[in-house]
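Here is entry_36.txt, consisting of compact mmCIF, C-alpha atoms:
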```txt
# COMPACT_ATOMS: atom_id res chain seq x y z
CA MET A 1 112.14 127.29 56.87
CA ARG A 2 111.54 130.85 55.63
CA TYR A 3 109.29 131.47 58.64
CA LEU A 4 112.26 130.80 60.91
CA LEU A 5 114.27 133.36 58.95
CA TYR A 6 111.53 135.99 59.21
CA ALA A 7 111.18 135.44 62.93
CA TYR A 8 114.88 135.84 63.57
CA ILE A 9 115.00 139.01 61.49
CA LEU A 10 112.28 140.43 63.74
CA LEU A 11 114.17 139.25 66.81
CA PHE A 12 117.32 141.01 65.63
CA SER A 13 115.37 144.25 65.24
CA PHE A 14 114.09 143.92 68.80
CA CYS A 15 117.45 143.13 70.33
CA VAL A 16 119.44 145.81 68.56
CA SER A 17 116.79 148.52 68.20
CA ALA A 18 118.08 152.05 67.78
CA GLN A 19 118.86 154.27 70.72
CA GLU A 20 119.20 158.07 70.69
CA GLU A 21 122.91 157.88 71.52
CA LYS A 22 124.94 155.50 69.37
CA SER A 23 128.43 156.29 70.68
CA PRO A 24 130.55 154.75 71.97
CA PHE A 25 130.35 151.30 70.45
CA THR A 26 132.90 148.62 69.66
CA ILE A 27 133.66 146.27 66.82
CA ASP A 28 135.69 143.11 67.29
CA ALA A 29 137.14 140.30 65.22
CA ASN A 30 138.10 136.83 66.44
CA TYR A 31 139.88 133.99 64.69
CA PHE A 32 138.97 130.58 66.13
CA TYR A 33 140.31 127.04 65.86
CA GLY A 34 138.78 123.95 67.41
CA THR A 35 137.03 120.63 66.98
CA ILE A 36 133.53 119.17 66.71
CA LEU A 37 132.50 117.42 69.92
CA GLU A 38 131.24 113.86 69.46
CA HIS A 39 127.99 114.29 71.38
CA ASN A 40 126.45 111.53 69.27
CA ALA A 41 128.26 108.46 67.91
CA ASP A 42 126.28 108.82 64.66
CA ILE A 43 128.35 111.87 63.65
CA ALA A 44 131.79 110.29 64.21
CA HIS A 45 132.39 110.04 60.45
CA LEU A 46 131.89 113.83 60.16
CA ILE A 47 134.76 114.69 62.52
CA THR A 48 137.79 114.57 60.24
CA GLY A 49 139.75 117.74 61.03
CA HIS A 50 140.02 120.87 63.13
CA GLN A 51 137.50 123.59 62.35
CA SER A 52 138.48 127.22 61.90
CA GLY A 53 136.74 130.48 61.13
CA LEU A 54 136.02 134.10 61.99
CA ILE A 55 133.61 135.90 64.34
CA LEU A 56 132.92 139.55 63.48
CA SER A 57 130.80 141.65 65.86
CA TYR A 58 129.23 145.03 66.46
CA ASN A 59 128.59 145.86 70.14
CA GLN A 60 126.54 148.80 71.42
CA LYS A 61 127.74 149.78 74.88
CA THR A 62 125.34 150.78 77.66
CA PHE A 63 125.93 153.15 80.57
CA GLY A 64 122.75 152.98 82.66
CA LYS A 65 120.42 155.23 80.72
CA GLU A 66 117.78 152.50 81.08
CA ALA A 67 117.23 150.80 84.44
CA TRP A 68 117.93 147.30 83.12
CA GLU A 69 121.45 148.33 82.03
CA SER A 70 122.74 148.98 85.54
CA ARG A 71 120.80 145.97 86.79
CA TYR A 72 123.02 143.73 84.63
CA ASN A 73 126.31 145.61 85.10
CA TYR A 74 126.04 147.59 81.85
CA PRO A 75 126.07 144.85 79.18
CA ASP A 76 126.56 145.33 75.44
CA TYR A 77 124.06 144.25 72.83
CA GLY A 78 124.70 143.80 69.16
CA VAL A 79 124.95 141.62 66.07
CA SER A 80 127.62 139.15 65.01
CA PHE A 81 128.57 137.14 61.95
CA ILE A 82 130.31 133.76 61.98
CA TYR A 83 132.08 132.00 59.13
CA GLN A 84 133.12 128.41 59.89
CA ASP A 85 134.94 125.89 57.71
CA MET A 86 133.71 122.51 58.99
CA GLU A 87 136.79 120.72 57.52
CA ASN A 88 134.70 117.83 56.22
CA GLU A 89 133.63 117.18 52.64
CA TYR A 90 130.09 116.24 53.71
CA LEU A 91 129.51 119.27 55.99
CA GLY A 92 130.91 122.09 53.85
CA GLU A 93 130.96 125.62 55.29
CA ASN A 94 128.57 127.55 57.55
CA TYR A 95 127.66 131.25 57.58
CA GLY A 96 125.67 132.60 60.55
CA LEU A 97 124.03 135.88 61.60
CA TYR A 98 123.23 136.43 65.29
CA ALA A 99 121.83 138.83 67.84
CA HIS A 100 123.90 138.78 71.04
CA TYR A 101 124.43 140.16 74.53
CA ASN A 102 127.80 140.64 76.26
CA PHE A 103 127.84 140.42 80.07
CA TYR A 104 130.86 141.61 82.10
CA PHE A 105 132.44 140.29 85.30
CA PHE A 106 135.60 140.85 87.39
CA LYS A 107 136.00 144.58 86.82
CA ARG A 108 134.82 144.14 83.22
CA ASN A 109 137.86 142.05 82.30
CA LEU A 110 135.82 138.86 81.78
CA LYS A 111 133.16 138.94 79.06
CA PHE A 112 130.49 136.30 78.54
CA ARG A 113 128.53 136.41 75.28
CA ILE A 114 125.42 134.52 74.27
CA GLY A 115 124.30 134.75 70.65
CA GLN A 116 121.23 133.34 68.93
CA GLY A 117 120.62 133.38 65.20
CA ILE A 118 120.31 131.58 61.93
CA ALA A 119 122.99 129.95 59.77
CA TYR A 120 123.31 128.83 56.16
CA THR A 121 125.18 125.63 55.37
CA THR A 122 126.63 125.03 51.92
CA ASN A 123 126.30 121.22 51.84
CA PRO A 124 123.18 119.89 53.59
CA TYR A 125 121.87 116.31 53.50
CA ASP A 126 120.67 114.97 50.16
CA LYS A 127 119.45 111.40 49.84
CA VAL A 128 121.46 110.94 46.62
CA ALA A 129 124.26 113.53 46.48
CA ASN A 130 125.14 113.85 50.18
CA PHE A 131 123.50 111.07 52.19
CA ARG A 132 126.41 110.91 54.67
CA ASN A 133 125.58 114.33 56.14
CA ASN A 134 123.20 113.26 58.89
CA ALA A 135 123.91 116.42 60.93
CA TYR A 136 122.17 119.05 58.78
CA GLY A 137 118.90 118.17 57.08
CA SER A 138 118.33 121.63 55.60
CA GLU A 139 120.27 124.60 54.25
CA LEU A 140 119.03 126.96 56.98
CA LEU A 141 119.87 126.08 60.58
CA SER A 142 119.11 127.46 63.99
CA SER A 143 122.39 128.37 65.68
CA THR A 144 123.50 129.38 69.17
CA TYR A 145 126.96 130.30 70.37
CA PHE A 146 128.56 131.00 73.73
CA GLN A 147 131.83 132.83 74.18
CA LEU A 148 133.94 133.45 77.29
CA ASN A 149 136.78 135.92 76.78
CA TYR A 150 139.42 137.72 78.77
CA ASN A 151 138.73 141.13 77.30
CA LYS A 152 140.77 144.33 77.49
CA GLN A 153 139.28 147.34 75.76
CA ASN A 154 140.87 150.69 74.93
CA ILE A 155 144.44 149.64 75.67
CA TYR A 156 145.77 152.26 73.28
CA LYS A 157 143.62 154.88 71.54
CA GLY A 158 140.55 152.67 71.37
CA LEU A 159 142.37 149.47 70.41
CA GLY A 160 142.02 146.37 72.61
CA LEU A 161 142.61 142.61 72.64
CA GLN A 162 140.69 139.51 73.71
CA ALA A 163 141.17 135.74 73.91
CA GLY A 164 139.11 132.85 75.17
CA VAL A 165 136.88 129.93 74.22
CA SER A 166 133.63 129.51 72.30
CA ILE A 167 131.02 126.81 71.67
CA ILE A 168 129.06 127.00 68.41
CA HIS A 169 125.93 124.91 67.93
CA TYR A 170 124.11 124.21 64.64
CA SER A 171 120.79 122.38 64.36
CA ASN A 172 117.52 122.68 62.46
CA ALA A 173 115.54 121.40 65.47
CA ASN A 174 113.94 118.56 63.50
CA PHE A 175 112.38 120.99 61.04
CA LYS A 176 113.62 118.47 58.51
CA ALA A 177 115.38 115.14 59.04
CA PRO A 178 118.17 114.25 59.56
CA ASN A 179 119.19 116.46 62.47
CA ALA A 180 122.08 114.97 64.44
CA SER A 181 123.51 118.55 64.74
CA THR A 182 127.05 119.66 65.64
CA ASN A 183 128.72 121.41 68.57
CA THR A 184 132.15 122.93 67.98
CA PHE A 185 134.48 123.79 70.86
CA THR A 186 137.04 126.42 69.85
CA PHE A 187 139.83 128.63 71.12
CA ASN A 188 139.68 132.19 69.86
CA VAL A 189 141.92 135.24 69.81
CA GLY A 190 141.26 138.67 68.38
CA ALA A 191 141.21 142.45 68.62
CA ASN A 192 138.58 145.10 69.30
CA TYR A 193 138.26 148.80 68.62
CA MET A 194 136.11 151.33 70.49
CA PHE A 195 134.58 154.18 68.52
CA GLY A 196 134.18 157.22 70.77
CA TYR A 197 136.76 155.92 73.24
CA ASP A 198 137.64 159.48 74.25
CA LYS A 199 134.01 160.43 74.88
CA GLN A 200 132.85 157.71 77.25
CA PRO A 201 130.14 158.92 79.62
CA GLU A 202 130.10 157.99 83.28
CA TYR A 203 128.19 154.89 84.33
CA ILE A 204 124.84 155.83 85.85
CA ALA A 205 124.26 154.08 89.16
CA SER A 206 120.93 152.37 89.73
CA THR A 207 118.24 154.28 91.61
CA GLU A 208 115.73 151.42 91.61
CA ASP A 209 113.94 150.41 94.77
CA LYS A 210 115.33 146.99 95.60
CA GLN A 211 112.02 145.97 97.13
CA PHE A 212 110.09 144.72 94.11
CA LYS A 213 106.69 143.06 94.44
CA GLU A 214 104.25 141.75 91.87
CA LYS A 215 101.14 139.60 92.16
CA ILE A 216 100.97 136.11 90.70
CA LYS A 217 100.42 136.37 86.94
CA TYR A 218 98.40 134.03 84.72
CA ASN A 219 99.84 133.19 81.31
CA PHE A 220 98.24 131.65 78.23
CA ALA A 221 100.19 130.83 75.07
CA ILE A 222 99.70 129.09 71.76
CA ARG A 223 102.70 127.74 69.87
CA GLY A 224 103.12 126.08 66.53
CA GLY A 225 105.39 125.19 63.66
CA VAL A 226 106.45 122.39 61.36
CA ASN A 227 108.71 119.41 62.01
CA GLU A 228 109.57 115.90 60.84
CA SER A 229 110.19 112.58 62.55
CA ASP A 230 113.64 111.02 62.71
CA VAL A 231 112.87 108.93 59.63
CA ASN A 232 114.48 110.66 56.64
CA ASN A 233 112.07 111.89 53.96
CA SER A 234 109.02 110.93 56.04
CA GLY A 235 107.47 114.36 55.47
CA GLN A 236 106.97 117.59 57.40
CA TYR A 237 103.83 118.12 59.45
CA SER A 238 102.36 120.95 61.49
CA PHE A 239 102.15 120.88 65.27
CA TYR A 240 100.35 122.98 67.89
CA VAL A 241 100.91 123.47 71.59
CA LEU A 242 98.48 125.03 74.08
CA SER A 243 100.05 126.23 77.34
CA ALA A 244 98.68 127.68 80.56
CA TYR A 245 100.85 128.57 83.54
CA VAL A 246 101.26 130.89 86.50
CA ASP A 247 104.40 132.83 87.33
CA LYS A 248 105.63 134.71 90.35
CA ARG A 249 108.33 137.40 90.16
CA LEU A 250 111.02 136.83 92.77
CA ASN A 251 112.69 140.16 91.97
CA ARG A 252 113.22 142.46 88.99
CA LYS A 253 115.30 139.82 87.20
CA SER A 254 113.63 136.48 87.85
CA ALA A 255 110.28 134.72 87.94
CA ILE A 256 109.39 131.07 88.58
CA GLN A 257 106.70 129.25 86.63
CA VAL A 258 104.36 126.26 87.06
CA GLY A 259 102.05 125.13 84.28
CA THR A 260 100.79 122.60 81.77
CA ASP A 261 101.16 121.94 78.02
CA VAL A 262 98.92 120.08 75.59
CA PHE A 263 100.75 118.86 72.46
CA PHE A 264 99.15 118.11 69.10
CA SER A 265 102.05 116.75 67.00
CA ASN A 266 100.94 115.49 63.59
CA PHE A 267 104.39 114.08 62.78
CA LEU A 268 103.88 111.71 65.70
CA LYS A 269 100.54 110.55 64.28
CA GLU A 270 102.29 109.60 61.04
CA SER A 271 105.24 108.06 62.91
CA ILE A 272 102.87 105.77 64.83
CA LYS A 273 101.36 104.53 61.55
CA TYR A 274 104.82 103.97 60.07
CA TYR A 275 106.23 101.98 63.00
CA SER A 276 103.08 99.85 63.31
CA VAL A 277 103.68 98.61 59.73
CA ALA A 278 107.48 98.73 59.35
CA PHE A 279 108.47 97.39 62.79
CA PRO A 280 105.80 94.94 64.07
CA GLN A 281 108.28 93.66 66.66
CA ASP A 282 107.93 97.01 68.49
CA ASN A 283 104.31 96.14 69.37
CA VAL A 284 102.89 99.39 68.02
CA SER A 285 99.24 98.83 67.07
CA GLY A 286 98.79 102.05 65.08
CA ASP A 287 95.84 103.10 67.23
CA GLU A 288 97.88 104.89 69.90
CA ASP A 289 96.91 108.51 70.59
CA TYR A 290 99.43 111.02 69.22
CA LYS A 291 98.47 113.74 71.71
CA ARG A 292 100.48 114.36 74.89
CA VAL A 293 99.89 116.38 78.06
CA GLY A 294 102.73 117.65 80.24
CA VAL A 295 103.26 119.60 83.43
CA PHE A 296 106.32 121.79 83.89
CA ILE A 297 108.26 124.10 86.15
CA GLY A 298 110.30 126.96 84.75
CA HIS A 299 112.32 130.12 85.19
CA GLU A 300 112.19 133.41 83.31
CA LEU A 301 115.07 135.89 83.27
CA PHE A 302 113.97 139.43 82.36
CA ILE A 303 116.35 141.67 80.39
CA ASN A 304 114.77 144.84 79.07
CA LYS A 305 111.80 143.74 76.91
CA ILE A 306 113.53 140.44 76.16
CA SER A 307 113.48 137.48 78.52
CA PHE A 308 115.16 134.05 78.54
CA VAL A 309 112.92 131.09 79.37
CA THR A 310 113.95 127.65 80.66
CA GLN A 311 111.41 124.93 81.49
CA LEU A 312 111.53 121.30 82.55
CA GLY A 313 108.44 119.16 81.99
CA TYR A 314 107.01 115.68 82.51
CA TYR A 315 104.31 114.02 80.40
CA VAL A 316 101.38 112.95 82.56
CA TYR A 317 99.45 111.73 79.53
CA TYR A 318 101.85 109.70 77.39
CA PRO A 319 100.13 106.97 75.36
CA TYR A 320 102.99 106.49 72.89
CA ASN A 321 106.65 106.18 73.85
CA TYR A 322 108.66 108.86 72.03
CA GLU A 323 112.05 109.92 73.47
CA GLY A 324 110.99 109.49 77.11
CA GLN A 325 108.58 111.26 79.48
CA ILE A 326 110.85 114.17 80.44
CA TYR A 327 111.08 117.18 78.14
CA ASN A 328 112.70 120.59 78.29
CA ARG A 329 112.20 123.96 76.63
CA LEU A 330 114.39 127.03 76.33
CA GLY A 331 114.16 130.18 74.28
CA LEU A 332 113.41 133.87 74.03
CA LYS A 333 110.34 135.99 74.69
CA ARG A 334 109.75 139.57 73.59
CA TYR A 335 107.14 141.64 75.41
CA PHE A 336 104.89 144.17 73.69
CA GLY A 337 103.66 146.36 76.52
CA ASP A 338 102.87 144.79 79.89
CA LYS A 339 100.67 141.90 78.75
CA PHE A 340 101.38 140.54 75.28
CA PHE A 341 104.45 138.61 74.16
CA GLY A 342 105.91 136.68 71.24
CA ALA A 343 108.27 133.75 71.71
CA ILE A 344 110.73 131.50 69.90
CA THR A 345 111.52 128.37 71.90
CA LEU A 346 113.25 125.05 71.37
CA LYS A 347 111.45 122.01 72.73
CA ALA A 348 113.64 118.94 73.27
CA HIS A 349 114.14 115.70 75.18
CA GLY A 350 117.53 116.19 76.80
CA ALA A 351 119.95 117.08 74.00
CA LYS A 352 117.62 115.76 71.27
CA ALA A 353 115.54 118.52 69.71
CA GLU A 354 111.92 117.94 68.72
CA ALA A 355 110.84 121.32 67.35
CA VAL A 356 111.33 125.06 67.16
CA GLU A 357 108.11 126.63 68.46
CA PHE A 358 106.82 130.04 67.40
CA GLY A 359 104.31 131.39 69.86
CA VAL A 360 102.22 134.29 71.07
CA GLY A 361 100.69 134.76 74.48
CA ILE A 362 99.25 136.98 77.14
CA ARG A 363 100.31 137.58 80.76
CA LEU A 364 97.48 138.72 83.03
```
Kindly present the structure from the file in structure tokens form.
Amino acid sequence: MRYLLYAYILLFSFCVSAQEEKSPFTIDANYFYGTILEHNADIAHLITGHQSGLILSYNQKTFGKEAWESRYNYPDYGVSFIYQDMENEYLGENYGLYAHYNFYFFKRNLKFRIGQGIAYTTNPYDKVANFRNNAYGSELLSSTYFQLNYNKQNIYKGLGLQAGVSIIHYSNANFKAPNASTNTFTFNVGANYMFGYDKQPEYIASTEDKQFKEKIKYNFAIRGGVNESDVNNSGQYSFYVLSAYVDKRLNRKSAIQVGTDVFFSNFLKESIKYYSVAFPQDNVSGDEDYKRVGVFIGHELFINKISFVTQLGYYVYYPYNYEGQIYNRLGLKRYFGDKFFGAITLKAHGAKAEAVEFGVGIRL
């Protein structure tokens, strides 16, 4: 799991890299109160109270110095910390660190935040001491949160207020079983303070040519990592994914993708052996091929050197039935120059995660 931590630390450095001008910026604090959503009947015994906690954030404001800032209505970027009491003896408490973006709408009174990071849980699954915690199979978790706030900044000498709703997700993406995960829906209220409120520069209007054209690009990527089957204590195994796809930029923000994946998942090889012996009624011979081949369509949203990727795929070579023939992928890419990129993506079947993929690639 330490590789996941290292990757997120690098991602944080990319997302909140230093700029020449650091002022103004804001800090904000939110108290939240809510409940775990029962997305899976297997976690019903873990929902025993209302969760509460704090969200503390640093937000660097933008004013159009870079072209992408005006393109997205001058968003903020920053880091945030979440403390959450899960109000359940088997779940314990969670502490998370995130990189985030804030996007503004309706005359900048409505703020939408998306944060991605890593969390530490104090009471993960243990086959002897805590076998009832089937949500978190490891101490370190991948975590995502979304927040929608009515936000008023600089009401009086830099001080402002906000209130809204948040969804906080924790999962280890099958890095280690079990991994039923949790999603908490909360109401939040808080205050913000703007440093440099009396020195705000004017927003710089975009001077970009709206007519943007780019030839079809060819992409090649290799992804990998470690994961485990849904059988607790069955062992962690490496996996590799080879991907090739083409993309076409529709404009400066968006591109569409069409491509193929080849999956080499060693956990699936071991799972086939296990089910052929343990569950003969499932008619698994043990000789089924563990490899899979999929085709997919996707979308890429470009923000600065970071982009958000969403893909929907279908296995065309599927010799062993595992979670259905439709899969999906979402995550982040970071470009180094015009051609090379690194990526952290989550591959899943609907809401059921299979793996966190760490990848590198080239766009030609």
Do a neighbour search on Asn102 in chain A at 9 Å with only C-alpha atoms, toss out local chain neighbours closer than 6 positions, and write the hits as a PDB file with C-alpha atoms, keeping the file's coordinate frame.
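Saved result, selection.pdb, follows:
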```
ATOM      1  CA  ASN A  59     128.590 145.860  70.140  1.00  0.00           C
ATOM      2  CA  PRO A  75     126.070 144.850  79.180  1.00  0.00           C
ATOM      3  CA  ASP A  76     126.560 145.330  75.440  1.00  0.00           C
ATOM      4  CA  TYR A  77     124.060 144.250  72.830  1.00  0.00           C
ATOM      5  CA  GLY A  78     124.700 143.800  69.160  1.00  0.00           C
ATOM      6  CA  LYS A 111     133.160 138.940  79.060  1.00  0.00           C
ATOM      7  CA  PHE A 112     130.490 136.300  78.540  1.00  0.00           C
ATOM      8  CA  ARG A 113     128.530 136.410  75.280  1.00  0.00           C
ATOM      9  CA  ILE A 114     125.420 134.520  74.270  1.00  0.00           C
ATOM     10  CA  GLY A 115     124.300 134.750  70.650  1.00  0.00           C
TER      11      GLY A 115
END
```
Can you work out the spacing between CA of Glu66 in chain A and CA of Arg329 in chain A in Å, to one decimal?
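CA of Arg329 in chain A lies at a distance of 29.4 Å from CA of Glu66 in chain A.
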Taking the point (146.4, 153.2, 72.5) as given in the file, collect each protein or nucleic acid residue that comes within 12 Å of it, counting all atoms listed in the file, and present the set as a PyMOL selection string.
chain A and resi 152-161+192-194+197-198
Nearest to Gln147 in chain A by atom-to-atom distance, counting only C-alpha atoms, from A:Phe308, A:Phe296, A:Phe239, A:Phe185
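Selected residue with least distance to Gln147 in chain A: A:Phe185.
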List as number ranges by chain the residues having at least one atom at most 10 Å from position (94.4, 118.4, 82.3) as given in the file, counting only C-alpha atoms.
A: 260-262, 293-295, 316-317
Quick check, in Å to one decimal: how far apart do CA of His50 in chain A and CA of Thr35 in chain A lie?
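Taking CA of His50 in chain A and CA of Thr35 in chain A, their separation equals 4.9 Å.
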Report the distance between CA of Tyr145 in chain A and CA of Arg363 in chain A in Å, rounded to one decimal place.
29.5 Å
Can you tell me, as a ChimeraX atom specification, what residues are no more than 10 Å from range 123-129 of chain A when counting all atoms listed in the file, ignoring any on the same chain fewer than 4 positions away?
/A:89-94,133-141,176-179,232-233
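Nearest to Ile216 in chain A of all the residues A:Leu148, A:Ile27, A:Ala351, A:Ala255 is A:Ala255, based on all atoms listed in the file.
The residue that comes closest to Asp209 in chain A, out of A:Asn227, A:Ala67, A:Ser52, A:Asn188 and on the basis of all atoms listed in the file, is A:Ala67.
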Leaving out Gln200 in chain A and any residue of its chain fewer than 3 positions from it, which residues lie within 10 Å of it when counting all atoms listed in the file, given as a ChimeraX atom specification?
/A:23-25,61,63,194-197,203
Which residue is closest to Trp68 in chain A? Choose from A:Glu323, A:Ile43, A:Ile204, A:Thr122 and count only C-alpha atoms.
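Smallest separation from Trp68 in chain A among the options: A:Ile204.
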I need the residue nearest Ile82 in chain A from this list: A:Ile326, A:Leu312, A:Ile55, A:Ile118. Use only C-alpha atoms for the distance.
A:Ile55
Can you work out which one of A:Leu110, A:Val356, A:Ile362, A:Ile47 has the shortest atom-to-atom distance to Lys217 in chain A, counting only C-alpha atoms?
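The answer is A:Ile362, which sits nearest to Lys217 in chain A.
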Set the distance at 7 Å and use all atoms listed in the file: which residues neighbour Thr144 in chain A once local chain neighbours fewer than 4 positions away are removed? I'd like the list as number ranges by chain.
A: 115-117, 168-170
So which residues touch range 265-272 of chain A within 7 Å, counting only C-alpha atoms, skipping near sequence neighbours fewer than 6 positions away, as an MDAnalysis selection string?
chainID A and resid 227:229 236:240 286 290:291
Take the residues that were just selected and, keeping C-alpha atoms, output them as a tab-separated table (two decimals), in the coordinates of the input.
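The resulting part07.tsv:
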```
chain	number	residue	atom	x	y	z
A	227	ASN	CA	108.71	119.41	62.01
A	228	GLU	CA	109.57	115.90	60.84
A	229	SER	CA	110.19	112.58	62.55
A	236	GLN	CA	106.97	117.59	57.40
A	237	TYR	CA	103.83	118.12	59.45
A	238	SER	CA	102.36	120.95	61.49
A	239	PHE	CA	102.15	120.88	65.27
A	240	TYR	CA	100.35	122.98	67.89
A	286	GLY	CA	98.79	102.05	65.08
A	290	TYR	CA	99.43	111.02	69.22
A	291	LYS	CA	98.47	113.74	71.71
```
Residue rebuild result range 268-275 of chain A, all heavy atoms as a PDB file, in the frame of the given file:
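Contents of selection.pdb, freshly written:
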```
ATOM      1  N   LEU A 268     103.935 112.885  64.841  1.00  0.00           N
ATOM      2  CA  LEU A 268     103.880 111.710  65.700  1.00  0.00           C
ATOM      3  C   LEU A 268     102.750 110.779  65.268  1.00  0.00           C
ATOM      4  O   LEU A 268     102.887 109.550  65.332  1.00  0.00           O
ATOM      5  CB  LEU A 268     103.692 112.156  67.149  1.00  0.00           C
ATOM      6  CG  LEU A 268     104.068 111.162  68.243  1.00  0.00           C
ATOM      7  CD1 LEU A 268     105.508 110.711  68.099  1.00  0.00           C
ATOM      8  CD2 LEU A 268     103.855 111.796  69.620  1.00  0.00           C
ATOM      9  N   LYS A 269     101.645 111.369  64.799  1.00  0.00           N
ATOM     10  CA  LYS A 269     100.540 110.550  64.280  1.00  0.00           C
ATOM     11  C   LYS A 269     101.023 109.705  63.108  1.00  0.00           C
ATOM     12  O   LYS A 269     100.735 108.497  63.029  1.00  0.00           O
ATOM     13  CB  LYS A 269      99.400 111.467  63.830  1.00  0.00           C
ATOM     14  CG  LYS A 269      98.185 110.719  63.288  1.00  0.00           C
ATOM     15  CD  LYS A 269      97.222 111.668  62.591  1.00  0.00           C
ATOM     16  CE  LYS A 269      96.712 112.749  63.498  1.00  0.00           C
ATOM     17  NZ  LYS A 269      95.655 113.570  62.829  1.00  0.00           N
ATOM     18  N   GLU A 270     101.784 110.333  62.195  1.00  0.00           N
ATOM     19  CA  GLU A 270     102.290 109.600  61.040  1.00  0.00           C
ATOM     20  C   GLU A 270     103.381 108.605  61.438  1.00  0.00           C
ATOM     21  O   GLU A 270     103.489 107.527  60.849  1.00  0.00           O
ATOM     22  CB  GLU A 270     102.836 110.592  60.005  1.00  0.00           C
ATOM     23  CG  GLU A 270     101.800 111.553  59.465  1.00  0.00           C
ATOM     24  CD  GLU A 270     100.635 110.821  58.811  1.00  0.00           C
ATOM     25  OE1 GLU A 270     100.884 109.823  58.091  1.00  0.00           O
ATOM     26  OE2 GLU A 270      99.483 111.246  59.026  1.00  0.00           O
ATOM     27  N   SER A 271     104.186 108.959  62.440  1.00  0.00           N
ATOM     28  CA  SER A 271     105.240 108.060  62.910  1.00  0.00           C
ATOM     29  C   SER A 271     104.637 106.797  63.514  1.00  0.00           C
ATOM     30  O   SER A 271     105.170 105.685  63.321  1.00  0.00           O
ATOM     31  CB  SER A 271     106.115 108.780  63.935  1.00  0.00           C
ATOM     32  OG  SER A 271     107.168 107.952  64.381  1.00  0.00           O
ATOM     33  N   ILE A 272     103.543 106.926  64.237  1.00  0.00           N
ATOM     34  CA  ILE A 272     102.870 105.770  64.830  1.00  0.00           C
ATOM     35  C   ILE A 272     102.395 104.810  63.730  1.00  0.00           C
ATOM     36  O   ILE A 272     102.583 103.587  63.822  1.00  0.00           O
ATOM     37  CB  ILE A 272     101.695 106.229  65.711  1.00  0.00           C
ATOM     38  CG1 ILE A 272     102.215 106.932  66.967  1.00  0.00           C
ATOM     39  CG2 ILE A 272     100.807 105.046  66.093  1.00  0.00           C
ATOM     40  CD1 ILE A 272     101.137 107.633  67.777  1.00  0.00           C
ATOM     41  N   LYS A 273     101.815 105.367  62.669  1.00  0.00           N
ATOM     42  CA  LYS A 273     101.360 104.530  61.550  1.00  0.00           C
ATOM     43  C   LYS A 273     102.544 103.806  60.912  1.00  0.00           C
ATOM     44  O   LYS A 273     102.459 102.609  60.596  1.00  0.00           O
ATOM     45  CB  LYS A 273     100.664 105.394  60.512  1.00  0.00           C
ATOM     46  CG  LYS A 273      99.352 106.011  60.968  1.00  0.00           C
ATOM     47  CD  LYS A 273      98.764 106.876  59.864  1.00  0.00           C
ATOM     48  CE  LYS A 273      97.492 107.573  60.315  1.00  0.00           C
ATOM     49  NZ  LYS A 273      96.950 108.468  59.244  1.00  0.00           N
ATOM     50  N   TYR A 274     103.633 104.540  60.727  1.00  0.00           N
ATOM     51  CA  TYR A 274     104.820 103.970  60.070  1.00  0.00           C
ATOM     52  C   TYR A 274     105.400 102.809  60.880  1.00  0.00           C
ATOM     53  O   TYR A 274     105.659 101.723  60.332  1.00  0.00           O
ATOM     54  CB  TYR A 274     105.864 105.069  59.879  1.00  0.00           C
ATOM     55  CG  TYR A 274     107.208 104.571  59.400  1.00  0.00           C
ATOM     56  CD1 TYR A 274     107.424 104.269  58.056  1.00  0.00           C
ATOM     57  CD2 TYR A 274     108.269 104.396  60.297  1.00  0.00           C
ATOM     58  CE1 TYR A 274     108.661 103.799  57.609  1.00  0.00           C
ATOM     59  CE2 TYR A 274     109.502 103.943  59.858  1.00  0.00           C
ATOM     60  CZ  TYR A 274     109.692 103.641  58.522  1.00  0.00           C
ATOM     61  OH  TYR A 274     110.915 103.180  58.099  1.00  0.00           O
ATOM     62  N   TYR A 275     105.600 103.016  62.187  1.00  0.00           N
ATOM     63  CA  TYR A 275     106.230 101.980  63.000  1.00  0.00           C
ATOM     64  C   TYR A 275     105.316 100.766  63.196  1.00  0.00           C
ATOM     65  O   TYR A 275     105.798  99.639  63.373  1.00  0.00           O
ATOM     66  CB  TYR A 275     106.651 102.548  64.358  1.00  0.00           C
ATOM     67  CG  TYR A 275     107.990 103.254  64.299  1.00  0.00           C
ATOM     68  CD1 TYR A 275     108.065 104.619  64.096  1.00  0.00           C
ATOM     69  CD2 TYR A 275     109.178 102.536  64.400  1.00  0.00           C
ATOM     70  CE1 TYR A 275     109.292 105.276  64.018  1.00  0.00           C
ATOM     71  CE2 TYR A 275     110.407 103.175  64.319  1.00  0.00           C
ATOM     72  CZ  TYR A 275     110.456 104.544  64.127  1.00  0.00           C
ATOM     73  OH  TYR A 275     111.666 105.178  64.035  1.00  0.00           O
TER      74      TYR A 275
END
```
